[in-house]
$ cat target-v9.json   # JSON, C-alpha atoms
[["chain", "number", "residue", "atom", "x", "y", "z"],
["A", 26, "MET", "CA", 67.39, 1.60, -9.70],
["A", 27, "PRO", "CA", 70.90, 3.14, -9.96],
["A", 28, "ASN", "CA", 73.57, 2.43, -7.40],
["A", 29, "ILE", "CA", 73.65, 5.74, -5.55],
["A", 30, "THR", "CA", 77.08, 6.83, -4.40],
["A", 31, "ASN", "CA", 77.46, 6.82, -0.62],
["A", 32, "ILE", "CA", 79.18, 9.79, 0.97],
["A", 33, "THR", "CA", 82.37, 8.87, 2.77],
["A", 34, "PRO", "CA", 82.08, 9.23, 6.57],
["A", 35, "PRO", "CA", 83.80, 12.36, 7.92],
["A", 36, "ARG", "CA", 85.97, 10.27, 10.24],
["A", 37, "VAL", "CA", 87.89, 8.92, 7.22],
["A", 38, "PRO", "CA", 90.85, 11.20, 6.36],
["A", 39, "LEU", "CA", 91.29, 12.23, 2.73],
["A", 40, "THR", "CA", 94.82, 10.82, 2.58],
["A", 41, "ASP", "CA", 96.26, 7.58, 3.92],
["A", 42, "PRO", "CA", 98.87, 8.56, 6.58],
["A", 43, "ARG", "CA", 100.91, 5.46, 5.74],
["A", 44, "THR", "CA", 101.36, 6.19, 2.03],
["A", 45, "GLY", "CA", 100.51, 9.87, 1.70],
["A", 46, "LEU", "CA", 98.14, 8.96, -1.13],
["A", 47, "ILE", "CA", 94.39, 9.38, -1.30],
["A", 48, "ALA", "CA", 92.56, 7.00, 1.00],
["A", 49, "ARG", "CA", 90.87, 3.98, -0.56],
["A", 50, "GLU", "CA", 87.41, 5.02, 0.66],
["A", 51, "TRP", "CA", 87.72, 8.48, -0.88],
["A", 52, "TYR", "CA", 89.11, 7.04, -4.12],
["A", 53, "LEU", "CA", 86.11, 4.76, -4.45],
["A", 54, "PHE", "CA", 83.78, 7.65, -3.66],
["A", 55, "PHE", "CA", 85.22, 9.93, -6.34],
["A", 56, "LEU", "CA", 85.38, 7.07, -8.85],
["A", 57, "SER", "CA", 81.74, 6.21, -8.26],
["A", 58, "LEU", "CA", 80.81, 9.91, -8.45],
["A", 59, "PHE", "CA", 82.63, 10.21, -11.77],
["A", 60, "ASN", "CA", 80.90, 7.12, -13.13],
["A", 61, "GLN", "CA", 77.50, 8.45, -12.09],
["A", 62, "THR", "CA", 77.95, 11.93, -13.52],
["A", 63, "GLY", "CA", 80.37, 11.50, -16.38],
["A", 64, "GLN", "CA", 79.95, 8.07, -17.92],
["A", 65, "SER", "CA", 76.42, 6.93, -17.15],
["A", 66, "THR", "CA", 72.93, 7.74, -18.35],
["A", 67, "VAL", "CA", 71.66, 8.26, -14.82],
["A", 68, "SER", "CA", 69.78, 11.59, -14.71],
["A", 69, "LEU", "CA", 69.36, 13.96, -11.85],
["A", 70, "GLU", "CA", 65.75, 12.81, -11.55],
["A", 71, "ASP", "CA", 66.96, 9.24, -11.01],
["A", 72, "VAL", "CA", 68.78, 10.15, -7.82],
["A", 73, "GLN", "CA", 66.04, 12.36, -6.39],
["A", 74, "LYS", "CA", 63.90, 10.96, -3.62],
["A", 75, "GLY", "CA", 60.15, 11.41, -3.72],
["A", 76, "PRO", "CA", 56.87, 9.69, -4.58],
["A", 77, "PRO", "CA", 56.96, 7.47, -7.70],
["A", 78, "SER", "CA", 56.08, 9.27, -10.92],
["A", 79, "GLU", "CA", 54.27, 6.17, -12.21],
["A", 80, "PRO", "CA", 51.90, 3.78, -10.37],
["A", 81, "VAL", "CA", 53.65, 0.87, -8.71],
["A", 82, "ASP", "CA", 52.37, -2.63, -9.51],
["A", 83, "LEU", "CA", 52.04, -3.76, -5.93],
["A", 84, "ALA", "CA", 50.24, -6.96, -6.93],
["A", 85, "GLY", "CA", 53.17, -7.87, -9.14],
["A", 86, "LEU", "CA", 55.63, -7.14, -6.37],
["A", 87, "LEU", "CA", 53.64, -9.35, -4.01],
["A", 88, "ALA", "CA", 53.56, -12.12, -6.60],
["A", 89, "GLN", "CA", 57.34, -11.90, -7.01],
["A", 90, "ALA", "CA", 57.63, -12.24, -3.26],
["A", 91, "SER", "CA", 55.44, -15.38, -3.44],
["A", 92, "LEU", "CA", 52.70, -13.64, -1.44],
["A", 93, "GLY", "CA", 50.05, -13.17, -4.07],
["A", 94, "ALA", "CA", 47.44, -10.44, -4.26],
["A", 95, "GLU", "CA", 44.81, -12.71, -2.70],
["A", 96, "SER", "CA", 46.85, -13.06, 0.47],
["A", 97, "SER", "CA", 47.14, -9.34, 1.10],
["A", 98, "PRO", "CA", 43.86, -7.56, 0.19],
["A", 99, "ALA", "CA", 44.24, -5.18, 3.13],
["A", 100, "LEU", "CA", 47.76, -4.21, 2.00],
["A", 101, "LEU", "CA", 46.53, -3.53, -1.53],
["A", 102, "SER", "CA", 43.68, -1.40, -0.20],
["A", 103, "GLN", "CA", 46.04, 0.61, 2.01],
["A", 104, "TYR", "CA", 48.43, 1.16, -0.88],
["A", 105, "ALA", "CA", 45.60, 2.35, -3.14],
["A", 106, "GLN", "CA", 44.49, 4.88, -0.52],
["A", 107, "LEU", "CA", 48.10, 6.03, 0.03],
["A", 108, "ALA", "CA", 48.61, 6.48, -3.71],
["A", 109, "THR", "CA", 45.43, 8.57, -3.89],
["A", 110, "ASP", "CA", 46.55, 10.74, -0.96],
["A", 111, "VAL", "CA", 50.02, 11.30, -2.45],
["A", 112, "GLN", "CA", 48.51, 12.25, -5.80],
["A", 113, "ALA", "CA", 46.18, 14.72, -4.06],
["A", 114, "LEU", "CA", 49.14, 16.33, -2.31],
["A", 115, "ALA", "CA", 51.01, 16.65, -5.60],
["A", 116, "LEU", "CA", 48.06, 18.37, -7.26],
["A", 117, "ALA", "CA", 47.09, 20.62, -4.37],
["A", 118, "PRO", "CA", 48.30, 24.22, -4.67],
["A", 119, "ALA", "CA", 50.90, 25.37, -2.19],
["A", 120, "HIS", "CA", 49.25, 27.23, 0.66],
["A", 121, "THR", "CA", 51.00, 29.23, 3.32],
["A", 122, "PRO", "CA", 48.49, 30.57, 5.86],
["A", 123, "GLN", "CA", 49.06, 34.17, 6.85],
["A", 124, "LEU", "CA", 48.24, 35.46, 10.30],
["A", 125, "GLU", "CA", 46.45, 38.76, 9.92],
["A", 126, "ARG", "CA", 48.01, 41.23, 12.32],
["A", 127, "LEU", "CA", 47.38, 44.72, 10.94],
["A", 128, "ARG", "CA", 45.38, 46.66, 13.52],
["A", 129, "TYR", "CA", 44.62, 50.37, 13.61],
["A", 130, "GLY", "CA", 42.06, 52.97, 14.61],
["A", 131, "SER", "CA", 41.44, 56.71, 14.33],
["A", 132, "PHE", "CA", 39.03, 58.41, 16.75],
["A", 133, "TYR", "CA", 38.01, 61.92, 17.79],
["A", 134, "ASP", "CA", 35.51, 63.86, 19.87],
["A", 135, "THR", "CA", 33.37, 66.77, 18.65],
["A", 136, "THR", "CA", 32.32, 68.11, 22.05],
["A", 137, "ASP", "CA", 33.91, 70.29, 24.72],
["A", 138, "GLN", "CA", 35.25, 68.39, 27.72],
["A", 139, "ALA", "CA", 35.68, 69.93, 31.17],
["A", 140, "ALA", "CA", 36.81, 68.72, 34.56],
["A", 141, "ALA", "CA", 34.31, 69.00, 37.43],
["A", 142, "VAL", "CA", 36.90, 69.16, 40.21],
["A", 143, "ILE", "CA", 40.51, 70.37, 40.13],
["A", 144, "ASN", "CA", 43.38, 67.98, 40.82],
["A", 145, "THR", "CA", 41.18, 65.01, 39.93],
["A", 146, "ALA", "CA", 41.74, 62.36, 37.24],
["A", 147, "TYR", "CA", 39.31, 62.31, 34.30],
["A", 148, "ALA", "CA", 39.33, 60.17, 31.17],
["A", 149, "MET", "CA", 39.11, 61.81, 27.76],
["A", 150, "THR", "CA", 36.11, 60.53, 25.80],
["A", 151, "PHE", "CA", 35.48, 59.89, 22.09],
["A", 152, "ASN", "CA", 32.22, 60.05, 20.13],
["A", 153, "SER", "CA", 33.42, 59.41, 16.57],
["A", 154, "THR", "CA", 35.40, 56.77, 14.66],
["A", 155, "ASP", "CA", 37.19, 57.67, 11.46],
["A", 156, "ILE", "CA", 38.63, 54.27, 10.48],
["A", 157, "SER", "CA", 39.10, 51.16, 12.56],
["A", 158, "LYS", "CA", 40.23, 47.54, 12.29],
["A", 159, "GLY", "CA", 40.64, 45.57, 15.48],
["A", 160, "VAL", "CA", 40.83, 48.75, 17.58],
["A", 161, "TYR", "CA", 37.54, 50.22, 18.78],
["A", 162, "ILE", "CA", 35.76, 52.49, 21.26],
["A", 163, "GLY", "CA", 34.28, 50.62, 24.20],
["A", 164, "SER", "CA", 31.96, 51.46, 27.07],
["A", 165, "PRO", "CA", 32.41, 53.95, 28.59],
["A", 166, "THR", "CA", 33.60, 55.81, 25.49],
["A", 167, "SER", "CA", 36.92, 56.71, 27.10],
["A", 168, "ARG", "CA", 38.08, 53.10, 26.71],
["A", 169, "ILE", "CA", 39.91, 52.05, 23.54],
["A", 170, "TYR", "CA", 40.01, 48.26, 23.12],
["A", 171, "VAL", "CA", 42.21, 46.02, 20.95],
["A", 172, "ASP", "CA", 41.43, 42.50, 19.73],
["A", 173, "THR", "CA", 44.99, 41.28, 19.08],
["A", 174, "HIS", "CA", 48.13, 41.05, 21.17],
["A", 175, "ASN", "CA", 50.75, 43.47, 19.92],
["A", 176, "VAL", "CA", 52.74, 46.60, 20.66],
["A", 177, "TYR", "CA", 50.64, 49.65, 19.76],
["A", 178, "ASN", "CA", 51.66, 53.20, 18.93],
["A", 179, "ILE", "CA", 49.23, 55.59, 20.62],
["A", 180, "GLN", "CA", 49.29, 59.18, 19.35],
["A", 181, "PHE", "CA", 46.97, 62.00, 20.30],
["A", 182, "SER", "CA", 46.45, 65.74, 20.10],
["A", 183, "ALA", "CA", 44.25, 67.60, 22.60],
["A", 184, "GLN", "CA", 43.00, 71.17, 21.96],
["A", 185, "LEU", "CA", 43.26, 73.10, 25.25],
["A", 186, "ILE", "CA", 41.89, 76.55, 26.07],
["A", 187, "ASN", "CA", 42.36, 78.74, 29.12],
["A", 188, "ALA", "CA", 39.08, 80.65, 29.43],
["A", 189, "ALA", "CA", 40.30, 82.88, 32.26],
["A", 190, "GLY", "CA", 43.41, 84.84, 33.15],
["A", 191, "GLY", "CA", 46.42, 83.47, 34.93],
["A", 192, "ALA", "CA", 48.53, 80.39, 34.26],
["A", 193, "HIS", "CA", 47.11, 76.91, 34.77],
["A", 194, "ASN", "CA", 48.48, 73.40, 34.41],
["A", 195, "VAL", "CA", 47.12, 70.29, 32.75],
["A", 196, "TRP", "CA", 48.56, 66.82, 33.35],
["A", 197, "ILE", "CA", 48.02, 64.03, 30.81],
["A", 198, "TRP", "CA", 48.96, 60.36, 31.19],
["A", 199, "LEU", "CA", 48.13, 56.82, 30.11],
["A", 200, "ARG", "CA", 46.02, 54.27, 31.95],
["A", 201, "LYS", "CA", 45.79, 50.56, 30.97],
["A", 202, "ASN", "CA", 42.95, 48.30, 32.14],
["A", 203, "GLY", "CA", 42.12, 50.81, 34.88],
["A", 204, "THR", "CA", 45.69, 51.14, 36.19],
["A", 205, "ASN", "CA", 47.99, 54.11, 35.62],
["A", 206, "VAL", "CA", 50.99, 53.30, 33.43],
["A", 207, "ALA", "CA", 54.13, 54.36, 35.27],
["A", 208, "ASN", "CA", 56.18, 57.28, 33.97],
["A", 209, "THR", "CA", 53.71, 58.38, 31.29],
["A", 210, "THR", "CA", 52.60, 61.79, 32.67],
["A", 211, "THR", "CA", 53.46, 65.10, 31.01],
["A", 212, "THR", "CA", 52.37, 68.54, 32.20],
["A", 213, "LEU", "CA", 51.58, 71.60, 30.09],
["A", 214, "ARG", "CA", 51.15, 75.17, 31.39],
["A", 215, "VAL", "CA", 48.66, 77.43, 29.60],
["A", 216, "GLU", "CA", 48.88, 81.14, 30.47],
["A", 217, "GLY", "CA", 46.67, 84.06, 29.46],
["A", 218, "ASN", "CA", 42.98, 84.73, 28.94],
["A", 219, "ASN", "CA", 41.44, 82.73, 26.04],
["A", 220, "THR", "CA", 44.80, 81.22, 25.20],
["A", 221, "GLU", "CA", 44.89, 77.96, 23.24],
["A", 222, "ALA", "CA", 47.53, 75.24, 23.36],
["A", 223, "VAL", "CA", 47.82, 71.76, 21.92],
["A", 224, "ALA", "CA", 49.08, 68.77, 23.88],
["A", 225, "ALA", "CA", 50.41, 66.11, 21.49],
["A", 226, "TRP", "CA", 52.72, 63.16, 22.03],
["A", 227, "ASN", "CA", 52.71, 59.40, 21.75],
["A", 228, "PHE", "CA", 53.19, 56.17, 23.72],
["A", 229, "LEU", "CA", 54.21, 52.61, 22.88],
["A", 230, "LEU", "CA", 52.09, 50.13, 24.81],
["A", 231, "GLU", "CA", 51.99, 46.32, 24.71],
["A", 232, "MET", "CA", 48.47, 44.97, 25.01],
["A", 233, "ASN", "CA", 46.76, 41.61, 24.84],
["A", 234, "ALA", "CA", 43.48, 40.84, 23.10],
["A", 235, "GLY", "CA", 40.65, 42.39, 25.15],
["A", 236, "ASP", "CA", 42.86, 44.98, 26.87],
["A", 237, "TYR", "CA", 41.95, 48.67, 26.80],
["A", 238, "PHE", "CA", 43.64, 51.96, 27.54],
["A", 239, "GLU", "CA", 42.50, 55.48, 28.42],
["A", 240, "LEU", "CA", 44.00, 58.94, 28.12],
["A", 241, "MET", "CA", 43.71, 60.62, 31.51],
["A", 242, "TRP", "CA", 43.91, 64.31, 32.35],
["A", 243, "GLU", "CA", 43.92, 66.58, 35.39],
["A", 244, "VAL", "CA", 43.78, 70.39, 35.70],
["A", 245, "SER", "CA", 44.83, 72.87, 38.34],
["A", 246, "ASP", "CA", 41.96, 75.24, 37.44],
["A", 247, "LEU", "CA", 38.49, 74.59, 36.01],
["A", 248, "SER", "CA", 38.92, 77.33, 33.40],
["A", 249, "LEU", "CA", 41.27, 74.99, 31.52],
["A", 250, "THR", "CA", 39.18, 72.76, 29.24],
["A", 251, "LEU", "CA", 39.32, 70.65, 26.07],
["A", 252, "GLN", "CA", 37.65, 72.70, 23.36],
["A", 253, "ALA", "CA", 35.97, 71.64, 20.11],
["A", 254, "ASP", "CA", 34.96, 74.06, 17.36],
["A", 255, "VAL", "CA", 32.83, 73.82, 14.23],
["A", 256, "ALA", "CA", 34.13, 74.08, 10.70],
["A", 257, "SER", "CA", 34.47, 77.43, 8.99],
["A", 258, "ALA", "CA", 34.20, 78.29, 5.32],
["A", 259, "VAL", "CA", 37.95, 77.69, 5.09],
["A", 260, "HIS", "CA", 38.99, 74.93, 7.50],
["A", 261, "PRO", "CA", 37.44, 71.71, 8.85],
["A", 262, "ALA", "CA", 36.05, 71.35, 12.35],
["A", 263, "ILE", "CA", 38.37, 71.18, 15.37],
["A", 264, "PRO", "CA", 37.86, 68.10, 17.59],
["A", 265, "SER", "CA", 38.63, 68.49, 21.27],
["A", 266, "ILE", "CA", 40.73, 65.31, 21.10],
["A", 267, "ILE", "CA", 42.14, 63.32, 18.16],
["A", 268, "LEU", "CA", 43.55, 59.82, 18.70],
["A", 269, "THR", "CA", 45.27, 57.37, 16.35],
["A", 270, "VAL", "CA", 46.32, 53.84, 17.29],
["A", 271, "THR", "CA", 48.46, 51.60, 15.08],
["A", 272, "ASP", "CA", 49.97, 48.15, 15.36],
["A", 273, "ASN", "CA", 53.62, 49.15, 15.73],
["A", 274, "ILE", "CA", 55.08, 45.77, 14.72],
["A", 275, "SER", "CA", 53.32, 45.11, 11.44],
["A", 276, "ALA", "CA", 52.00, 48.51, 10.45]]
$ encode --input "target-v9.json" --output "C-alpha cells"
Amino acid sequence: MPNITNITPPRVPLTDPRTGLIAREWYLFFLSLFNQTGQSTVSLEDVQKGPPSEPVDLAGLLAQASLGAESSPALLSQYAQLATDVQALALAPAHTPQLERLRYGSFYDTTDQAAAVINTAYAMTFNSTDISKGVYIGSPTSRIYVDTHNVYNIQFSAQLINAAGGAHNVWIWLRKNGTNVANTTTTLRVEGNNTEAVAAWNFLLEMNAGDYFELMWEVSDLSLTLQADVASAVHPAIPSIILTVTDNISA
C-alpha cells in the first residue's frame, strides 16, 4: 500500500515567519506530492478509496496475526457475506427513484345549466371527462378532486346567454372543500335579448391529496343561464362549461 501524502493542516502558514522561507511541513508535503506523482509508479487507482478489486485472503491475514481461521469462524462468515453484499452493490444498476407528480384533467358539460333562485350560490356541474390523470370528477359532479398535493392552475370558460331583455349580472368564484376562497369572485354583465357572453379566467390553488374545488355562480335574473349547443356541419358542439386543471409546478 503506498504512503499517501497527508494534507498539511490549514493552521500551518506557508512560510516560516522566522526565516521567510517555506515552512518545513509544507516543504515535506510538496516533496511527497512530487514523489507520488512525478517519480513513482503509484497510479491514481492506488490512491482511490473503495472496496477491494480482488478478494482479500482473510484467513491468511488471521494466520499472520496468529489468530488462525479456526479461531474465528464467525468472522470469516461475516466477511464472506459482506464481500457478497459489496459485489452485489457493484453490479447493481444505478437507480434513482422518480416521484411522479404530473397531474391534469380536462372536463366539460353538455347540458344547459340554470339557477332556480336569483342571488343564490350554485355549483357548476360536469358530465364528461376528456383526459385525466390524478384529477377527477367526484360526487356530486360539481366537485373536482385531486390525488396529489400541489399548486394547480384552474382554467375555465362558461357559455352564458341572456334569454330576455335587459341587463343582468352573473358572479363566478372558487370554492375549496365547501368553503369560498377569498377574493376570487368576478362579475360579468350581459345585456340584450338572446345575447351570448363567455366568462373565462383562471385561478392558482394549492390543494392536498383528497381536496376538491368547485366553480360557483350566482345570477341577478333567472333568464341568464349556462347554455350548451349541439355540433353543426361546420363546428363542434358547444359545452355549457369547459374546465382544465393542470399541476402548475411540474406541468
$ atom_distance --input "target-v9.json" --atom1 "CA of Ile263 (chain A)" --atom2 "CA of Asp134 (chain A)"
9.1 Å
$ atom_distance --input "target-v9.json" --atom1 "CA of Thr210 (chain A)" --atom2 "CA of Ala183 (chain A)"
14.3 Å
$ closest_atom_pairs --input "target-v9.json" --of "region 223-248 of chain A" --to "region 265-274 of chain A" --cutoff "10 Å" --atoms "all atoms listed in the file" --output "Markdown table"
| residue | atom | partner | partner_atom | distance |
| --- | --- | --- | --- | --- |
| A:Val223 | CA | A:Ile266 | CA | 9.6 |
| A:Ala224 | CA | A:Ile266 | CA | 9.5 |
| A:Ala225 | CA | A:Ile267 | CA | 9.3 |
| A:Asn227 | CA | A:Thr269 | CA | 9.4 |
| A:Phe228 | CA | A:Val270 | CA | 9.7 |
| A:Leu229 | CA | A:Asn273 | CA | 8.0 |
| A:Leu230 | CA | A:Asn273 | CA | 9.3 |
| A:Glu231 | CA | A:Asn273 | CA | 9.6 |
| A:Leu240 | CA | A:Leu268 | CA | 9.5 |
$ closest_residue --input "target-v9.json" --among "A:Ala234, A:Ile186, A:Leu199, A:Leu127" --to "Leu213 (chain A)" --atoms "all atoms listed in the file"
A:Ile186
$ atom_distance --input "target-v9.json" --atom1 "CA of Gly217 (chain A)" --atom2 "CA of Gln252 (chain A)"
15.7 Å
$ axis_aligned_box --input "target-v9.json" --around "region 253-262 of chain A" --padding-each-side "5 Å" --output "JSON"
{"center_x": 35.9, "center_y": 74.8, "center_z": 12.6, "size_x": 16.2, "size_y": 16.9, "size_z": 25.0}
$ residues_around --input "target-v9.json" --residues "Ser167 (chain A)" --least-positions-apart "2" --cutoff "12 Å" --atoms "all atoms listed in the file" --output "short mmCIF file (atom, residue, chain, number, x, y, z; two decimals) with C-alpha atoms, keeping the file's coordinate frame"
data_model
loop_
_atom_site.label_atom_id
_atom_site.label_comp_id
_atom_site.auth_asym_id
_atom_site.auth_seq_id
_atom_site.Cartn_x
_atom_site.Cartn_y
_atom_site.Cartn_z
CA PHE A 132 39.03 58.41 16.75
CA TYR A 133 38.01 61.92 17.79
CA ASP A 134 35.51 63.86 19.87
CA GLN A 138 35.25 68.39 27.72
CA TYR A 147 39.31 62.31 34.30
CA ALA A 148 39.33 60.17 31.17
CA MET A 149 39.11 61.81 27.76
CA THR A 150 36.11 60.53 25.80
CA PHE A 151 35.48 59.89 22.09
CA ASN A 152 32.22 60.05 20.13
CA SER A 153 33.42 59.41 16.57
CA TYR A 161 37.54 50.22 18.78
CA ILE A 162 35.76 52.49 21.26
CA GLY A 163 34.28 50.62 24.20
CA SER A 164 31.96 51.46 27.07
CA PRO A 165 32.41 53.95 28.59
CA ILE A 169 39.91 52.05 23.54
CA TYR A 170 40.01 48.26 23.12
CA LEU A 199 48.13 56.82 30.11
CA ARG A 200 46.02 54.27 31.95
CA LYS A 201 45.79 50.56 30.97
CA ASN A 202 42.95 48.30 32.14
CA GLY A 203 42.12 50.81 34.88
CA TYR A 237 41.95 48.67 26.80
CA PHE A 238 43.64 51.96 27.54
CA GLU A 239 42.50 55.48 28.42
CA LEU A 240 44.00 58.94 28.12
CA MET A 241 43.71 60.62 31.51
CA TRP A 242 43.91 64.31 32.35
CA ILE A 266 40.73 65.31 21.10
CA LEU A 268 43.55 59.82 18.70
#
$ closest_residue --input "target-v9.json" --among "A:Arg128, A:His174, A:Arg214, A:Arg168" --to "Ala192 (chain A)" --atoms "only C-alpha atoms"
A:Arg214
$ closest_residue --input "target-v9.json" --among "A:Asn205, A:Asn233, A:Thr135, A:Thr211" --to "Thr173 (chain A)" --atoms "all atoms listed in the file"
A:Asn233
